[in-house]
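**Q** Here it is: the structure, laid out below.
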Amino acid sequence: MLCMGLNNKDLLLTEKLLKLVYLENSSSNIVVSPLSFYAISVLIANGVVDETLFEFSSIFPVLHLAEADKMLKAYIDTKRETVSLHSALWSGAFSEHYKTLMQEYLGAELWGIQDSTQIINDWINARTQGALSSFAEPEKATSEDVYASGGAWFKIKEAPFRVQNTSTRQFFNLDETVSNIKFLQGEVVADYFENEDMQIVRLLYPTGDKLTIWLPNSNVDFDEFVDAADLNFLRSDFERKEVKIVIPEFDINYTIHDTASVYDALGIKRIFEKDNYDFAKMISFDNASTVKKVFLSSRIAMKENVSDEETGELSAKISFEADHPFIFMLNDGDFIGVYISGKE
């Protein structure tokens with residue numbers, strides 16, 4: 001992902017987000033966007049000083065924050081065709097300098113907030129045309145509160161799955177029930193790896209995006225499989241192979257209504273403390289502020305290609321059938337999630 005050139009911690013953030021969110025909710029399909037989380041974190045870090053700023057060094061090198069800004073902007077610009085990213089802050093009063101810089105460098109939106117967070121829900125609904133979930137139930141807001149919203153939405157526009165190959169098959173859910181759902185099927189040349197515990201396939205798209213799927217063998221405990229997803233796991237080696245791929249059609253929309261526990265696990269705590277005067281660049285040197293809530297909403301859809309264009313027939317000897325729980329990742333940590341249930 002984007003921060004790799006600075007400190008190579010991109011997949012470390014991806015690993016932590018996957019495990020923390022799965023630990024909190026291991027009963028439903030999940031997708032989170034480390035890219036969106038990173039963007040919101042850079043946005044906040046640009047507005048704070050001293051100890052509060054240095055806590056962000058667990059994610060990116062704060063002494064080179066201007067360079068992190070440039071790399072983030074450059075990366076986001078390359079993904080505008082496929083990734084819809086929405087970053088915004090709300091507070092009683094932002095400094096004009098901070099507001100101008102964040103709008104110019106990161107394309108963020110900064111808004112005033114009066115009495116209620118309902119304005120945030122309205123903004124998310126309008127910006128994403130209802131594609132992403134709302135911030136949360138409206139709550140009372142005060143002038144010193146800072147709210148942050150990060151939204152990321154990815155919809156694969158071109159996929160190697162023709163409509164006529166889609167069929168209904170059984171998916172064996174994590175809770176040991178079975179669902180009859182639509183599966184996409186296609187024979188492609190893809191990046192592939194396997195060992196005694198799993199198969200991995202990485203699909204490459206014309207847009208330059210990469211979808212990687214880790215499929216454990218059916219006898220592998222899935223909780224242990226997620227727990228084993230460390231950096232070496234996520235940085236798999238591949239060979240180009242002809243592969244017959246069968247994967248569920250899915251559209252996952254998942255929301256973390258308050259990421260304070262995620263930040264806490266990364267050692268970032270002071271932004272949530274009351275009477276914090278480190279928001280000097282964002283607000284002013286004279287007023288204490290606090291981040292009341294950081295909201296993160298992510299969505300990813302995998303459907304068959306709407307094009308009916310003929311594709312060349314292959315004679316793939318390798319079969320990759322994702323009919324039981326698996327981990328998936330878009331690019332090097334733009335999105336990561338688990339698909340564990342075919343239930344509606």
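Chain labels follow the order of the structure tokens: the first chain is A, the next B, and so on; residue numbering restarts at 1 in every chain, and ligands are counted from 1 in their shown order.
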Assign secondary structure with DSSP using the backbone only, and return the residues of segment 220-330 of chain A in strand (DSSP E or B) as a PDB file with N, CA, C and O atoms, in the first residue's frame.
**A**
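Okay, result.pdb is ready:
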```pdb
ATOM      1  N   GLU A 239       3.307 -18.198  -8.261  1.00  0.00           N
ATOM      2  CA  GLU A 239       3.686 -18.569  -9.619  1.00  0.00           C
ATOM      3  C   GLU A 239       2.480 -18.347 -10.513  1.00  0.00           C
ATOM      4  O   GLU A 239       1.339 -18.493 -10.075  1.00  0.00           O
ATOM      5  N   ARG A 240       2.723 -18.001 -11.782  1.00  0.00           N
ATOM      6  CA  ARG A 240       1.623 -17.822 -12.721  1.00  0.00           C
ATOM      7  C   ARG A 240       1.123 -19.192 -13.152  1.00  0.00           C
ATOM      8  O   ARG A 240       1.888 -20.027 -13.638  1.00  0.00           O
ATOM      9  N   LYS A 241      -0.182 -19.432 -12.968  1.00  0.00           N
ATOM     10  CA  LYS A 241      -0.776 -20.732 -13.277  1.00  0.00           C
ATOM     11  C   LYS A 241      -2.125 -20.543 -13.966  1.00  0.00           C
ATOM     12  O   LYS A 241      -2.778 -19.511 -13.813  1.00  0.00           O
ATOM     13  N   GLU A 242      -2.544 -21.556 -14.698  1.00  0.00           N
ATOM     14  CA  GLU A 242      -3.906 -21.613 -15.197  1.00  0.00           C
ATOM     15  C   GLU A 242      -4.764 -22.231 -14.098  1.00  0.00           C
ATOM     16  O   GLU A 242      -4.489 -23.343 -13.634  1.00  0.00           O
ATOM     17  N   VAL A 243      -5.784 -21.500 -13.674  1.00  0.00           N
ATOM     18  CA  VAL A 243      -6.575 -21.923 -12.522  1.00  0.00           C
ATOM     19  C   VAL A 243      -8.059 -21.826 -12.841  1.00  0.00           C
ATOM     20  O   VAL A 243      -8.528 -20.826 -13.397  1.00  0.00           O
ATOM     21  N   LYS A 244      -8.800 -22.864 -12.474  1.00  0.00           N
ATOM     22  CA  LYS A 244     -10.252 -22.794 -12.512  1.00  0.00           C
ATOM     23  C   LYS A 244     -10.711 -22.254 -11.163  1.00  0.00           C
ATOM     24  O   LYS A 244     -10.505 -22.883 -10.126  1.00  0.00           O
ATOM     25  N   ILE A 245     -11.332 -21.074 -11.178  1.00  0.00           N
ATOM     26  CA  ILE A 245     -11.710 -20.398  -9.944  1.00  0.00           C
ATOM     27  C   ILE A 245     -13.223 -20.431  -9.762  1.00  0.00           C
ATOM     28  O   ILE A 245     -13.976 -20.114 -10.689  1.00  0.00           O
ATOM     29  N   VAL A 246     -13.653 -20.802  -8.567  1.00  0.00           N
ATOM     30  CA  VAL A 246     -15.066 -20.793  -8.198  1.00  0.00           C
ATOM     31  C   VAL A 246     -15.161 -20.050  -6.866  1.00  0.00           C
ATOM     32  O   VAL A 246     -14.662 -20.520  -5.847  1.00  0.00           O
ATOM     33  N   ILE A 247     -15.786 -18.870  -6.875  1.00  0.00           N
ATOM     34  CA  ILE A 247     -15.896 -18.074  -5.652  1.00  0.00           C
ATOM     35  C   ILE A 247     -17.316 -17.524  -5.520  1.00  0.00           C
ATOM     36  O   ILE A 247     -18.003 -17.335  -6.520  1.00  0.00           O
ATOM     37  N   PRO A 248     -17.759 -17.260  -4.293  1.00  0.00           N
ATOM     38  CA  PRO A 248     -19.108 -16.699  -4.113  1.00  0.00           C
ATOM     39  C   PRO A 248     -19.234 -15.302  -4.713  1.00  0.00           C
ATOM     40  O   PRO A 248     -18.285 -14.523  -4.688  1.00  0.00           O
ATOM     41  N   PHE A 250     -20.415 -11.766  -3.972  1.00  0.00           N
ATOM     42  CA  PHE A 250     -20.673 -11.120  -2.682  1.00  0.00           C
ATOM     43  C   PHE A 250     -20.665  -9.605  -2.794  1.00  0.00           C
ATOM     44  O   PHE A 250     -20.086  -9.019  -3.704  1.00  0.00           O
ATOM     45  N   ASP A 251     -21.353  -9.006  -1.838  1.00  0.00           N
ATOM     46  CA  ASP A 251     -21.404  -7.562  -1.677  1.00  0.00           C
ATOM     47  C   ASP A 251     -21.436  -7.315  -0.171  1.00  0.00           C
ATOM     48  O   ASP A 251     -22.468  -7.487   0.481  1.00  0.00           O
ATOM     49  N   ILE A 252     -20.285  -6.955   0.400  1.00  0.00           N
ATOM     50  CA  ILE A 252     -20.155  -6.829   1.851  1.00  0.00           C
ATOM     51  C   ILE A 252     -20.021  -5.362   2.233  1.00  0.00           C
ATOM     52  O   ILE A 252     -19.174  -4.636   1.700  1.00  0.00           O
ATOM     53  N   ASN A 253     -20.859  -4.929   3.144  1.00  0.00           N
ATOM     54  CA  ASN A 253     -20.847  -3.566   3.662  1.00  0.00           C
ATOM     55  C   ASN A 253     -20.701  -3.665   5.175  1.00  0.00           C
ATOM     56  O   ASN A 253     -21.575  -4.209   5.850  1.00  0.00           O
ATOM     57  N   TYR A 254     -19.589  -3.171   5.707  1.00  0.00           N
ATOM     58  CA  TYR A 254     -19.319  -3.352   7.132  1.00  0.00           C
ATOM     59  C   TYR A 254     -18.897  -2.032   7.762  1.00  0.00           C
ATOM     60  O   TYR A 254     -18.188  -1.238   7.155  1.00  0.00           O
ATOM     61  N   THR A 255     -19.324  -1.813   8.982  1.00  0.00           N
ATOM     62  CA  THR A 255     -19.095  -0.547   9.661  1.00  0.00           C
ATOM     63  C   THR A 255     -18.465  -0.752  11.035  1.00  0.00           C
ATOM     64  O   THR A 255     -18.911  -1.600  11.804  1.00  0.00           O
ATOM     65  N   ILE A 256     -17.434   0.023  11.322  1.00  0.00           N
ATOM     66  CA  ILE A 256     -16.903   0.143  12.677  1.00  0.00           C
ATOM     67  C   ILE A 256     -17.371   1.502  13.183  1.00  0.00           C
ATOM     68  O   ILE A 256     -16.919   2.548  12.690  1.00  0.00           O
ATOM     69  N   ASN A 276      -7.319  17.938  25.962  1.00  0.00           N
ATOM     70  CA  ASN A 276      -6.043  17.768  25.275  1.00  0.00           C
ATOM     71  C   ASN A 276      -5.759  19.037  24.458  1.00  0.00           C
ATOM     72  O   ASN A 276      -6.517  19.382  23.554  1.00  0.00           O
ATOM     73  N   SER A 289      -9.317  20.115  22.951  1.00  0.00           N
ATOM     74  CA  SER A 289     -10.256  19.364  22.117  1.00  0.00           C
ATOM     75  C   SER A 289     -10.080  17.878  22.373  1.00  0.00           C
ATOM     76  O   SER A 289      -9.150  17.457  23.064  1.00  0.00           O
ATOM     77  N   THR A 290     -10.969  17.100  21.791  1.00  0.00           N
ATOM     78  CA  THR A 290     -10.856  15.643  21.880  1.00  0.00           C
ATOM     79  C   THR A 290     -11.559  15.024  20.681  1.00  0.00           C
ATOM     80  O   THR A 290     -12.561  15.563  20.196  1.00  0.00           O
ATOM     81  N   VAL A 291     -11.012  13.925  20.186  1.00  0.00           N
ATOM     82  CA  VAL A 291     -11.717  13.166  19.150  1.00  0.00           C
ATOM     83  C   VAL A 291     -12.785  12.337  19.843  1.00  0.00           C
ATOM     84  O   VAL A 291     -12.475  11.457  20.640  1.00  0.00           O
ATOM     85  N   LYS A 292     -14.032  12.636  19.574  1.00  0.00           N
ATOM     86  CA  LYS A 292     -15.135  11.948  20.235  1.00  0.00           C
ATOM     87  C   LYS A 292     -15.376  10.580  19.599  1.00  0.00           C
ATOM     88  O   LYS A 292     -15.662   9.604  20.299  1.00  0.00           O
ATOM     89  N   LYS A 293     -15.235  10.505  18.282  1.00  0.00           N
ATOM     90  CA  LYS A 293     -15.506   9.229  17.620  1.00  0.00           C
ATOM     91  C   LYS A 293     -14.879   9.231  16.224  1.00  0.00           C
ATOM     92  O   LYS A 293     -14.884  10.245  15.536  1.00  0.00           O
ATOM     93  N   VAL A 294     -14.317   8.098  15.843  1.00  0.00           N
ATOM     94  CA  VAL A 294     -13.844   7.884  14.485  1.00  0.00           C
ATOM     95  C   VAL A 294     -14.644   6.732  13.898  1.00  0.00           C
ATOM     96  O   VAL A 294     -14.686   5.641  14.457  1.00  0.00           O
ATOM     97  N   PHE A 295     -15.277   7.004  12.787  1.00  0.00           N
ATOM     98  CA  PHE A 295     -16.185   6.060  12.142  1.00  0.00           C
ATOM     99  C   PHE A 295     -15.546   5.555  10.847  1.00  0.00           C
ATOM    100  O   PHE A 295     -14.946   6.325  10.102  1.00  0.00           O
ATOM    101  N   LEU A 296     -15.634   4.254  10.596  1.00  0.00           N
ATOM    102  CA  LEU A 296     -15.038   3.673   9.399  1.00  0.00           C
ATOM    103  C   LEU A 296     -16.038   2.728   8.750  1.00  0.00           C
ATOM    104  O   LEU A 296     -16.497   1.764   9.356  1.00  0.00           O
ATOM    105  N   SER A 297     -16.383   3.022   7.502  1.00  0.00           N
ATOM    106  CA  SER A 297     -17.339   2.192   6.769  1.00  0.00           C
ATOM    107  C   SER A 297     -16.699   1.738   5.469  1.00  0.00           C
ATOM    108  O   SER A 297     -16.073   2.538   4.758  1.00  0.00           O
ATOM    109  N   SER A 298     -16.831   0.447   5.149  1.00  0.00           N
ATOM    110  CA  SER A 298     -16.201  -0.108   3.958  1.00  0.00           C
ATOM    111  C   SER A 298     -17.174  -1.015   3.218  1.00  0.00           C
ATOM    112  O   SER A 298     -18.014  -1.681   3.833  1.00  0.00           O
ATOM    113  N   ARG A 299     -17.007  -1.041   1.888  1.00  0.00           N
ATOM    114  CA  ARG A 299     -17.868  -1.902   1.075  1.00  0.00           C
ATOM    115  C   ARG A 299     -17.067  -2.426  -0.114  1.00  0.00           C
ATOM    116  O   ARG A 299     -16.306  -1.693  -0.736  1.00  0.00           O
ATOM    117  N   ILE A 300     -17.255  -3.697  -0.419  1.00  0.00           N
ATOM    118  CA  ILE A 300     -16.622  -4.300  -1.591  1.00  0.00           C
ATOM    119  C   ILE A 300     -17.600  -5.276  -2.217  1.00  0.00           C
ATOM    120  O   ILE A 300     -18.289  -6.022  -1.510  1.00  0.00           O
ATOM    121  N   ALA A 301     -17.685  -5.245  -3.531  1.00  0.00           N
ATOM    122  CA  ALA A 301     -18.622  -6.119  -4.253  1.00  0.00           C
ATOM    123  C   ALA A 301     -17.868  -6.944  -5.282  1.00  0.00           C
ATOM    124  O   ALA A 301     -16.979  -6.431  -5.964  1.00  0.00           O
ATOM    125  N   MET A 302     -18.209  -8.223  -5.366  1.00  0.00           N
ATOM    126  CA  MET A 302     -17.662  -9.109  -6.387  1.00  0.00           C
ATOM    127  C   MET A 302     -18.817  -9.727  -7.151  1.00  0.00           C
ATOM    128  O   MET A 302     -19.606 -10.494  -6.589  1.00  0.00           O
ATOM    129  N   ASN A 305     -18.801 -10.403 -14.637  1.00  0.00           N
ATOM    130  CA  ASN A 305     -18.599  -9.345 -15.616  1.00  0.00           C
ATOM    131  C   ASN A 305     -19.887  -9.151 -16.406  1.00  0.00           C
ATOM    132  O   ASN A 305     -20.496 -10.100 -16.873  1.00  0.00           O
ATOM    133  N   ILE A 318      -5.568 -26.925 -12.155  1.00  0.00           N
ATOM    134  CA  ILE A 318      -5.689 -26.528 -10.754  1.00  0.00           C
ATOM    135  C   ILE A 318      -7.099 -26.006 -10.510  1.00  0.00           C
ATOM    136  O   ILE A 318      -7.603 -25.170 -11.259  1.00  0.00           O
ATOM    137  N   SER A 319      -7.740 -26.500  -9.475  1.00  0.00           N
ATOM    138  CA  SER A 319      -9.087 -26.062  -9.130  1.00  0.00           C
ATOM    139  C   SER A 319      -9.064 -25.329  -7.791  1.00  0.00           C
ATOM    140  O   SER A 319      -8.550 -25.838  -6.794  1.00  0.00           O
ATOM    141  N   PHE A 320      -9.605 -24.115  -7.790  1.00  0.00           N
ATOM    142  CA  PHE A 320      -9.682 -23.289  -6.582  1.00  0.00           C
ATOM    143  C   PHE A 320     -11.156 -23.043  -6.301  1.00  0.00           C
ATOM    144  O   PHE A 320     -11.784 -22.194  -6.935  1.00  0.00           O
ATOM    145  N   GLU A 321     -11.737 -23.793  -5.366  1.00  0.00           N
ATOM    146  CA  GLU A 321     -13.163 -23.723  -5.090  1.00  0.00           C
ATOM    147  C   GLU A 321     -13.389 -23.182  -3.676  1.00  0.00           C
ATOM    148  O   GLU A 321     -13.242 -23.894  -2.689  1.00  0.00           O
ATOM    149  N   PHE A 326     -13.072 -17.973   3.905  1.00  0.00           N
ATOM    150  CA  PHE A 326     -11.768 -17.557   3.383  1.00  0.00           C
ATOM    151  C   PHE A 326     -11.498 -16.098   3.745  1.00  0.00           C
ATOM    152  O   PHE A 326     -12.402 -15.345   4.122  1.00  0.00           O
ATOM    153  N   ILE A 327     -10.234 -15.706   3.624  1.00  0.00           N
ATOM    154  CA  ILE A 327      -9.793 -14.325   3.798  1.00  0.00           C
ATOM    155  C   ILE A 327      -9.571 -13.732   2.412  1.00  0.00           C
ATOM    156  O   ILE A 327      -9.077 -14.412   1.513  1.00  0.00           O
ATOM    157  N   PHE A 328      -9.926 -12.465   2.231  1.00  0.00           N
ATOM    158  CA  PHE A 328      -9.657 -11.806   0.954  1.00  0.00           C
ATOM    159  C   PHE A 328      -9.045 -10.432   1.186  1.00  0.00           C
ATOM    160  O   PHE A 328      -9.252  -9.806   2.232  1.00  0.00           O
ATOM    161  N   MET A 329      -8.272  -9.973   0.201  1.00  0.00           N
ATOM    162  CA  MET A 329      -7.639  -8.654   0.309  1.00  0.00           C
ATOM    163  C   MET A 329      -7.591  -8.012  -1.072  1.00  0.00           C
ATOM    164  O   MET A 329      -7.279  -8.677  -2.062  1.00  0.00           O
ATOM    165  N   LEU A 330      -7.898  -6.730  -1.138  1.00  0.00           N
ATOM    166  CA  LEU A 330      -7.774  -5.974  -2.378  1.00  0.00           C
ATOM    167  C   LEU A 330      -6.487  -5.163  -2.333  1.00  0.00           C
ATOM    168  O   LEU A 330      -6.250  -4.416  -1.379  1.00  0.00           O
TER     169      LEU A 330
END
```
**Q** Could you list, as JSON, numbers by chain, every residue within 9 Å of segment 53-61 of chain A, counting only C-alpha atoms and ignoring same-chain residues fewer than 2 positions away?
**A** {"A": [3, 6, 7, 8, 9, 10, 12, 13, 38, 41, 42, 44, 45, 46, 47, 48, 49, 50, 51, 63, 64, 65, 68, 266, 267, 268, 269, 270, 271, 278]}
**Q** What is the distance between atom CA of Tyr277 of chain A and atom CA of His86 of chain A, in Å to one decimal?
**A** 27.2 Å
**Q** What is the atom CA of Asp175 of chain A-atom CA of Thr259 of chain A distance in Å, reported with one decimal?
**A**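 Rounded to one decimal, the two atoms are 26.7 Å apart.
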**Q** Find the spatial neighbours of Pro138 of chain A, counting only C-alpha atoms, within a cut-off of 7 Å - ignore same-chain residues fewer than 6 positions away - and output them as a PyMOL selection string.
**A** chain A and resi 116-118
**Q** Would you mind listing what lies within 9 Å of Tyr205 of chain A as a VMD selection string, with only C-alpha atoms counted and same-chain residues fewer than 2 positions away left out?
**A** chain A and resid 156 158 to 160 203 207 to 211
**Q** Using only C-alpha atoms, pick whichever of A:His97, A:Leu234, A:Gly151, A:Phe135 has the shortest atom-to-atom distance to Asp332 of chain A.
**A**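 So, comparing all the options, the nearest one is A:Leu234.
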**Q** Need the shell around Arg169 of chain A: protein/DNA/RNA residues with any atom at most 12 Å away, counting only C-alpha atoms. Skip same-chain ones fewer than 6 positions apart. Format as a list in words?
**A** Val178, Ser179, Asn180, Ile181, Lys182, Phe183, Leu184, Gln185, Val246, Ile247, Pro248, Glu249, Glu321, Ala322, Asp323, His324 and Gly342 of chain A
**Q** So that I can check the surroundings of Ser84 of chain A, please list as a list in words every protein, DNA and RNA residue that reaches within 8 Å of it, counting only C-alpha atoms and ignoring chain neighbours fewer than 3 positions away.
**A**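 These residues fall inside the cut-off: Arg80, Glu81, Gly151, Ala152, Trp153 and Phe154 of chain A.
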**Q** Suppose we keep C-alpha atoms; can you now write the selection as a PDB file, in the first residue's frame?
**A**
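part03.pdb, freshly written:
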```
ATOM      1  CA  ARG A  80      -9.850   7.092  -8.328  1.00  0.00           C
ATOM      2  CA  GLU A  81     -11.187   4.861 -11.107  1.00  0.00           C
ATOM      3  CA  GLY A 151     -15.583   5.673   3.921  1.00  0.00           C
ATOM      4  CA  ALA A 152     -14.208   3.378   1.231  1.00  0.00           C
ATOM      5  CA  TRP A 153     -16.153   1.646  -1.507  1.00  0.00           C
ATOM      6  CA  PHE A 154     -14.813  -0.682  -4.191  1.00  0.00           C
TER       7      PHE A 154
END
```
**Q** Determine the nearest neighbour of Val220 of chain A from the options A:Phe233, A:Phe193, A:Lys70, A:Leu174, counting only C-alpha atoms.
**A**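 Once distances to Val220 of chain A are computed over only C-alpha atoms, the minimum belongs to A:Leu174.
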**Q** Taking the DSSP secondary structure from the backbone, can you list the residues of segment 86-138 of chain A that are alpha helix (DSSP H), as a short mmCIF file (atom, residue, chain, number, x, y, z; two decimals) with N, CA, C and O atoms, in the first residue's frame?
**A**
```cif
data_model
loop_
_atom_site.label_atom_id
_atom_site.label_comp_id
_atom_site.auth_asym_id
_atom_site.auth_seq_id
_atom_site.Cartn_x
_atom_site.Cartn_y
_atom_site.Cartn_z
N GLU A 96 -8.18 27.96 9.75
CA GLU A 96 -8.30 28.10 8.30
C GLU A 96 -7.10 27.51 7.59
O GLU A 96 -7.21 26.94 6.50
N HIS A 97 -5.91 27.63 8.18
CA HIS A 97 -4.69 27.07 7.57
C HIS A 97 -4.79 25.56 7.46
O HIS A 97 -4.52 24.99 6.39
N TYR A 98 -5.18 24.91 8.54
CA TYR A 98 -5.32 23.44 8.53
C TYR A 98 -6.40 23.02 7.54
O TYR A 98 -6.22 22.08 6.75
N LYS A 99 -7.51 23.70 7.55
CA LYS A 99 -8.62 23.38 6.67
C LYS A 99 -8.20 23.46 5.20
O LYS A 99 -8.48 22.55 4.41
N THR A 100 -7.49 24.53 4.85
CA THR A 100 -7.05 24.71 3.47
C THR A 100 -6.06 23.63 3.05
O THR A 100 -6.17 23.05 1.96
N LEU A 101 -5.08 23.32 3.91
CA LEU A 101 -4.08 22.32 3.59
C LEU A 101 -4.68 20.94 3.40
O LEU A 101 -4.34 20.22 2.46
N MET A 102 -5.59 20.55 4.27
CA MET A 102 -6.16 19.21 4.19
C MET A 102 -7.08 19.07 2.98
O MET A 102 -7.15 18.00 2.36
N GLN A 103 -7.76 20.12 2.62
CA GLN A 103 -8.58 20.08 1.42
C GLN A 103 -7.70 20.00 0.17
O GLN A 103 -7.98 19.26 -0.77
N GLU A 104 -6.61 20.75 0.18
CA GLU A 104 -5.73 20.81 -0.99
C GLU A 104 -4.91 19.54 -1.15
O GLU A 104 -4.81 18.99 -2.25
N TYR A 105 -4.29 19.07 -0.06
CA TYR A 105 -3.38 17.94 -0.15
C TYR A 105 -4.08 16.58 -0.17
O TYR A 105 -3.69 15.67 -0.90
N LEU A 106 -5.11 16.43 0.66
CA LEU A 106 -5.72 15.12 0.83
C LEU A 106 -7.15 15.03 0.32
O LEU A 106 -7.78 13.98 0.42
N GLN A 118 -26.27 14.31 13.51
CA GLN A 118 -27.13 13.96 12.38
C GLN A 118 -26.56 14.49 11.07
O GLN A 118 -26.69 13.87 10.02
N ILE A 119 -25.88 15.62 11.13
CA ILE A 119 -25.28 16.21 9.94
C ILE A 119 -24.29 15.26 9.29
O ILE A 119 -24.10 15.25 8.07
N ILE A 120 -23.63 14.42 10.10
CA ILE A 120 -22.65 13.46 9.57
C ILE A 120 -23.35 12.37 8.78
O ILE A 120 -22.93 11.99 7.68
N ASN A 121 -24.45 11.85 9.33
CA ASN A 121 -25.23 10.85 8.60
C ASN A 121 -25.73 11.39 7.26
O ASN A 121 -25.69 10.70 6.24
N ASP A 122 -26.19 12.64 7.27
CA ASP A 122 -26.70 13.25 6.04
C ASP A 122 -25.59 13.36 5.01
O ASP A 122 -25.80 13.13 3.82
N TRP A 123 -24.39 13.73 5.46
CA TRP A 123 -23.24 13.89 4.56
C TRP A 123 -22.86 12.55 3.93
O TRP A 123 -22.64 12.46 2.72
N ILE A 124 -22.77 11.50 4.75
CA ILE A 124 -22.38 10.18 4.24
C ILE A 124 -23.40 9.67 3.22
O ILE A 124 -23.04 9.16 2.15
N ASN A 125 -24.66 9.83 3.52
CA ASN A 125 -25.71 9.38 2.61
C ASN A 125 -25.64 10.13 1.28
O ASN A 125 -25.76 9.54 0.20
N ALA A 126 -25.39 11.44 1.35
CA ALA A 126 -25.33 12.25 0.13
C ALA A 126 -24.08 11.94 -0.69
O ALA A 126 -24.15 11.79 -1.92
N ARG A 127 -22.92 11.82 -0.03
CA ARG A 127 -21.66 11.60 -0.75
C ARG A 127 -21.61 10.22 -1.41
O ARG A 127 -20.99 10.07 -2.45
N THR A 128 -22.22 9.22 -0.79
CA THR A 128 -22.11 7.86 -1.33
C THR A 128 -23.41 7.37 -1.94
O THR A 128 -23.50 6.20 -2.32
#
```
**Q** Which residue gives the smallest distance to Phe161 of chain A among A:Leu72, A:Ala136, A:Val188, A:Ala148, with only C-alpha atoms counted?
**A**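 Among the listed residues, A:Val188 lies closest to Phe161 of chain A.
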